[in-house]
>>> print(open('model.pdb').read())   # PDB, C-alpha atoms
ATOM      1  CA  MET S 761     -26.893 -17.000  23.407  1.00  0.00           C
ATOM      2  CA  PHE S 762     -25.060 -14.333  25.374  1.00  0.00           C
ATOM      3  CA  LEU S 763     -24.498 -11.808  22.542  1.00  0.00           C
ATOM      4  CA  SER S 764     -27.431  -9.670  21.572  1.00  0.00           C
ATOM      5  CA  TYR S 765     -28.555  -9.578  17.970  1.00  0.00           C
ATOM      6  CA  SER S 766     -27.128  -6.079  17.518  1.00  0.00           C
ATOM      7  CA  ALA S 767     -23.652  -7.100  18.701  1.00  0.00           C
ATOM      8  CA  VAL S 768     -23.042  -9.577  15.877  1.00  0.00           C
ATOM      9  CA  PRO S 769     -23.520  -7.072  13.003  1.00  0.00           C
ATOM     10  CA  LEU S 770     -21.468  -4.488  14.889  1.00  0.00           C
ATOM     11  CA  PHE S 771     -18.651  -7.017  15.317  1.00  0.00           C
ATOM     12  CA  ALA S 772     -18.806  -7.925  11.585  1.00  0.00           C
ATOM     13  CA  PHE S 773     -18.788  -4.249  10.617  1.00  0.00           C
ATOM     14  CA  THR S 774     -15.719  -3.628  12.806  1.00  0.00           C
ATOM     15  CA  ILE S 775     -13.855  -6.522  11.179  1.00  0.00           C
ATOM     16  CA  LEU S 776     -14.723  -5.245   7.674  1.00  0.00           C
ATOM     17  CA  LEU S 777     -13.724  -1.700   8.567  1.00  0.00           C
ATOM     18  CA  ASN S 778     -10.325  -2.918   9.785  1.00  0.00           C
ATOM     19  CA  PHE S 779      -9.879  -4.982   6.618  1.00  0.00           C
ATOM     20  CA  PHE S 780     -10.599  -1.984   4.378  1.00  0.00           C
ATOM     21  CA  PHE S 781      -8.328   0.246   6.438  1.00  0.00           C
ATOM     22  CA  LEU S 782      -5.389  -2.184   6.280  1.00  0.00           C
ATOM     23  CA  TYR S 783      -5.704  -3.127   2.622  1.00  0.00           C
ATOM     24  CA  SER S 784      -6.993   0.075   1.102  1.00  0.00           C
ATOM     25  CA  PRO S 785      -5.115   1.120  -2.040  1.00  0.00           C
ATOM     26  CA  ILE S 786      -5.334   4.723  -0.883  1.00  0.00           C
ATOM     27  CA  GLU S 787      -2.196   5.530   1.056  1.00  0.00           C
ATOM     28  CA  SER S 788      -2.757   9.269   1.025  1.00  0.00           C
ATOM     29  CA  ALA S 789      -3.158  11.833  -1.700  1.00  0.00           C
ATOM     30  CA  ILE S 790      -0.164  10.178  -3.341  1.00  0.00           C
ATOM     31  CA  ASN S 791      -0.717   7.679  -6.145  1.00  0.00           C
ATOM     32  CA  GLY S 792       1.405   4.604  -6.590  1.00  0.00           C
ATOM     33  CA  MET S 793       1.821   0.943  -5.817  1.00  0.00           C
ATOM     34  CA  ILE S 794       2.364  -0.971  -2.590  1.00  0.00           C
ATOM     35  CA  TYR S 795       4.895  -3.811  -2.518  1.00  0.00           C
ATOM     36  CA  ASP S 796       5.549  -6.454   0.140  1.00  0.00           C
ATOM     37  CA  THR S 797       9.327  -6.389  -0.143  1.00  0.00           C
ATOM     38  CA  CYS S 798      11.997  -3.849  -0.937  1.00  0.00           C
ATOM     39  CA  GLN S 799      13.306  -5.991  -3.802  1.00  0.00           C
ATOM     40  CA  ASP S 800       9.835  -6.092  -5.416  1.00  0.00           C
ATOM     41  CA  CYS S 801       9.587  -2.315  -5.211  1.00  0.00           C
ATOM     42  CA  LEU S 802      13.075  -1.681  -6.613  1.00  0.00           C
ATOM     43  CA  ALA S 803      12.418  -4.120  -9.488  1.00  0.00           C
ATOM     44  CA  SER S 804       9.035  -2.568 -10.319  1.00  0.00           C
ATOM     45  CA  PRO S 805       8.520  -0.430 -13.451  1.00  0.00           C
ATOM     46  CA  CYS S 806       7.586   2.436 -11.120  1.00  0.00           C
ATOM     47  CA  HIS S 807      11.118   2.539  -9.707  1.00  0.00           C
ATOM     48  CA  ALA S 808      13.243   0.879 -12.408  1.00  0.00           C
ATOM     49  CA  ASN S 809      11.743   2.680 -15.432  1.00  0.00           C
ATOM     50  CA  ALA S 810      10.201   5.866 -14.015  1.00  0.00           C
ATOM     51  CA  ASN S 811      12.885   6.432 -11.339  1.00  0.00           C
ATOM     52  CA  ARG S 812      10.286   6.975  -8.625  1.00  0.00           C
ATOM     53  CA  PRO S 813      11.375   6.326  -5.046  1.00  0.00           C
ATOM     54  CA  CYS S 814      10.495   3.287  -2.971  1.00  0.00           C
ATOM     55  CA  ILE S 815       9.531   4.471   0.497  1.00  0.00           C
ATOM     56  CA  SER S 816       9.359   2.139   3.481  1.00  0.00           C
ATOM     57  CA  ARG S 817       5.981   1.904   5.208  1.00  0.00           C
ATOM     58  CA  SER S 818       5.210   1.464   8.885  1.00  0.00           C
ATOM     59  CA  ASP S 819       3.755  -2.007   8.208  1.00  0.00           C
ATOM     60  CA  GLY S 820       7.053  -3.298   6.773  1.00  0.00           C
ATOM     61  CA  GLY S 821       6.041  -2.951   3.117  1.00  0.00           C
ATOM     62  CA  TYR S 822       7.259  -0.486   0.519  1.00  0.00           C
ATOM     63  CA  PHE S 823       5.456   2.138  -1.519  1.00  0.00           C
ATOM     64  CA  CYS S 824       6.547   3.440  -4.939  1.00  0.00           C
ATOM     65  CA  PHE S 825       4.749   6.712  -5.529  1.00  0.00           C
ATOM     66  CA  THR S 826       3.943   8.653  -8.644  1.00  0.00           C
ATOM     67  CA  CYS S 827       2.606  12.136  -9.134  1.00  0.00           C
ATOM     68  CA  ASP S 828      -0.353  11.637 -11.459  1.00  0.00           C
ATOM     69  CA  THR S 829      -2.607  14.309 -12.939  1.00  0.00           C
ATOM     70  CA  GLU S 830      -5.080  15.479 -10.316  1.00  0.00           C
ATOM     71  CA  ASN S 831      -8.197  17.558 -11.038  1.00  0.00           C
ATOM     72  CA  GLY S 832      -6.905  18.209 -14.557  1.00  0.00           C
ATOM     73  CA  ASN S 833      -3.612  19.657 -13.298  1.00  0.00           C
ATOM     74  CA  GLN S 834      -0.366  17.913 -14.136  1.00  0.00           C
ATOM     75  CA  GLN S 835       1.744  17.011 -11.106  1.00  0.00           C
ATOM     76  CA  PHE S 836       5.495  16.552 -10.952  1.00  0.00           C
ATOM     77  CA  TYR S 837       7.908  14.710  -8.708  1.00  0.00           C
ATOM     78  CA  SER S 838      10.249  17.654  -8.137  1.00  0.00           C
ATOM     79  CA  GLU S 839      10.080  21.431  -8.336  1.00  0.00           C
ATOM     80  CA  ASP S 840      12.708  21.458 -11.112  1.00  0.00           C
ATOM     81  CA  GLU S 841      10.659  18.967 -13.139  1.00  0.00           C
ATOM     82  CA  CYS S 842       7.579  21.143 -12.573  1.00  0.00           C
ATOM     83  CA  LYS S 843       9.318  24.327 -13.716  1.00  0.00           C
ATOM     84  CA  LYS S 844      10.433  22.601 -16.930  1.00  0.00           C
ATOM     85  CA  GLY S 845       6.849  21.495 -17.660  1.00  0.00           C
ATOM     86  CA  CYS S 846       5.078  24.635 -16.459  1.00  0.00           C
ATOM     87  CA  LEU S 847       6.231  27.240 -18.990  1.00  0.00           C
ATOM     88  CA  ASP S 848       3.210  29.568 -19.141  1.00  0.00           C
ATOM     89  CA  PRO S 849       3.946  32.676 -17.011  1.00  0.00           C
ATOM     90  CA  LYS S 850       0.287  32.715 -15.906  1.00  0.00           C
ATOM     91  CA  TRP S 851       0.853  29.341 -14.206  1.00  0.00           C
ATOM     92  CA  SER S 852       3.175  28.441 -11.320  1.00  0.00           C
ATOM     93  CA  CYS S 853       4.470  25.405  -9.477  1.00  0.00           C
ATOM     94  CA  ASN S 854       3.065  24.765  -6.014  1.00  0.00           C
ATOM     95  CA  CYS S 855       3.735  21.999  -3.554  1.00  0.00           C
ATOM     96  CA  ASN S 856       0.788  19.619  -3.128  1.00  0.00           C
ATOM     97  CA  ASP S 857       1.449  16.883  -0.548  1.00  0.00           C
ATOM     98  CA  ALA S 858       4.499  14.991  -1.918  1.00  0.00           C
ATOM     99  CA  CYS S 859       4.285  16.392  -5.444  1.00  0.00           C
ATOM    100  CA  PHE S 860       4.401  19.712  -7.251  1.00  0.00           C
ATOM    101  CA  VAL S 861       1.440  20.845  -9.320  1.00  0.00           C
ATOM    102  CA  CYS S 862       1.346  23.315 -12.187  1.00  0.00           C
ATOM    103  CA  ILE S 863      -1.686  25.498 -11.537  1.00  0.00           C
ATOM    104  CA  ALA S 864      -3.001  28.806 -12.882  1.00  0.00           C
ATOM    105  CA  ASN S 865      -2.048  31.754 -10.689  1.00  0.00           C
ATOM    106  CA  ASP S 866      -5.638  33.006 -10.549  1.00  0.00           C
ATOM    107  CA  ALA S 867      -6.851  29.559  -9.437  1.00  0.00           C
ATOM    108  CA  ILE S 868      -4.406  29.128  -6.534  1.00  0.00           C
ATOM    109  CA  LYS S 869      -6.630  30.836  -3.968  1.00  0.00           C
ATOM    110  CA  ASN S 870      -9.522  28.456  -4.798  1.00  0.00           C
ATOM    111  CA  ALA S 871      -7.367  25.329  -5.132  1.00  0.00           C
ATOM    112  CA  SER S 872      -7.565  22.658  -2.476  1.00  0.00           C
ATOM    113  CA  LEU S 873      -3.846  21.998  -2.174  1.00  0.00           C
ATOM    114  CA  ALA S 874      -2.681  19.639   0.558  1.00  0.00           C
ATOM    115  CA  ASN S 875       0.028  20.622   3.019  1.00  0.00           C
ATOM    116  CA  CYS S 876       3.506  20.213   1.612  1.00  0.00           C
ATOM    117  CA  ASP S 877       4.884  16.836   2.739  1.00  0.00           C
ATOM    118  CA  LEU S 878       7.857  16.111   0.518  1.00  0.00           C
ATOM    119  CA  PRO S 879       9.821  12.896   1.080  1.00  0.00           C
ATOM    120  CA  THR S 880      13.031  13.345   3.037  1.00  0.00           C
ATOM    121  CA  LYS S 881      16.450  12.291   1.763  1.00  0.00           C
ATOM    122  CA  GLU S 882      16.243   9.249   4.063  1.00  0.00           C
ATOM    123  CA  ASP S 883      12.880   8.321   2.483  1.00  0.00           C
ATOM    124  CA  LEU S 884      14.343   8.533  -0.998  1.00  0.00           C
ATOM    125  CA  ASP S 885      17.575   6.620  -0.308  1.00  0.00           C
ATOM    126  CA  VAL S 886      16.098   3.141   0.151  1.00  0.00           C
ATOM    127  CA  THR S 887      18.509   0.230   0.028  1.00  0.00           C
ATOM    128  CA  CYS S 888      17.458  -3.337   0.591  1.00  0.00           C
ATOM    129  CA  VAL S 889      19.156  -5.038   3.528  1.00  0.00           C
TER
END
>>> encode(input="model.pdb", output="structure tokens")
Amino acid sequence: MFLSYSAVPLFAFTILLNFFFLYSPIESAINGMIYDTCQDCLASPCHANANRPCISRSDGGYFCFTCDTENGNQQFYSEDECKKGCLDPKWSCNCNDACFVCIANDAIKNASLANCDLPTKEDLDVTCV
């Protein structure tokens, strides 16, 4: 046999790592669902009922994202939505990846907020072709 005994487990590990990378439910810090087709995404409760956008992915699929509570802090899809839900003057709305989070002003400096990466208008205006 030409392959050494250490090459076979390394090859298997590489295959598993690629599988987990490709099919991981974690897209980023954003929560949501992945769909194979645009029509599936647009028909999903995430888009149809919650009015969340379907964003095209680089692999040809679509992703409907939601802004779920993270670390006990409620997140919102837009800054306006956040301001309506964040009424305490000791709290403020801050961008956290593709969402806005309502967080206490004295906790902002210790918060681990992600860089602001809001979806563009082109991302949000998905139409199936």
>>> resolve_selection(input="model.pdb", expression="the PyMOL selection byres ((chain S and resi 807) around 12)", output="list in words")
Gly792, Met793, Ile794, Tyr795, Cys798, Gln799, Asp800, Cys801, Leu802, Ala803, Ser804, Pro805, Cys806, Ala808, Asn809, Ala810, Asn811, Arg812, Pro813, Cys814, Ile815, Tyr822, Phe823, Cys824, Phe825, Thr826, Leu884 and Val886 of chain S
>>> atom_distance(input="model.pdb", atom1="CA of Arg817 (chain S)", atom2="CA of Lys881 (chain S)")
15.1 Å
>>> resolve_selection(input="model.pdb", expression="the PyMOL selection byres ((chain S and resi 842) around 12)", output="ChimeraX atom specification")
/S:827,833-841,843-848,851-856,859-863
>>> atom_distance(input="model.pdb", atom1="CA of Ser816 (chain S)", atom2="CA of Glu830 (chain S)")
24.0 Å
>>> axis_aligned_box(input="model.pdb", around="region 854-860 of chain S", padding_each_side="4 Å", output="JSON")
{"center_x": 2.6, "center_y": 19.9, "center_z": -3.9, "size_x": 11.7, "size_y": 17.8, "size_z": 14.7}
>>> atom_distance(input="model.pdb", atom1="CA of Asn791 (chain S)", atom2="CA of Ser818 (chain S)")
17.3 Å
>>> closest_residue(input="model.pdb", among="S:Asn875, S:Asn870, S:Thr797, S:Thr829", to="Ala858 (chain S)", atoms="only C-alpha atoms")
S:Asn875
>>> resolve_selection(input="model.pdb", expression="the PyMOL selection byres ((chain S and resi 865) around 6)", output="list in words")
Lys850, Trp851, Ala864, Asp866, Ala867 and Ile868 of chain S
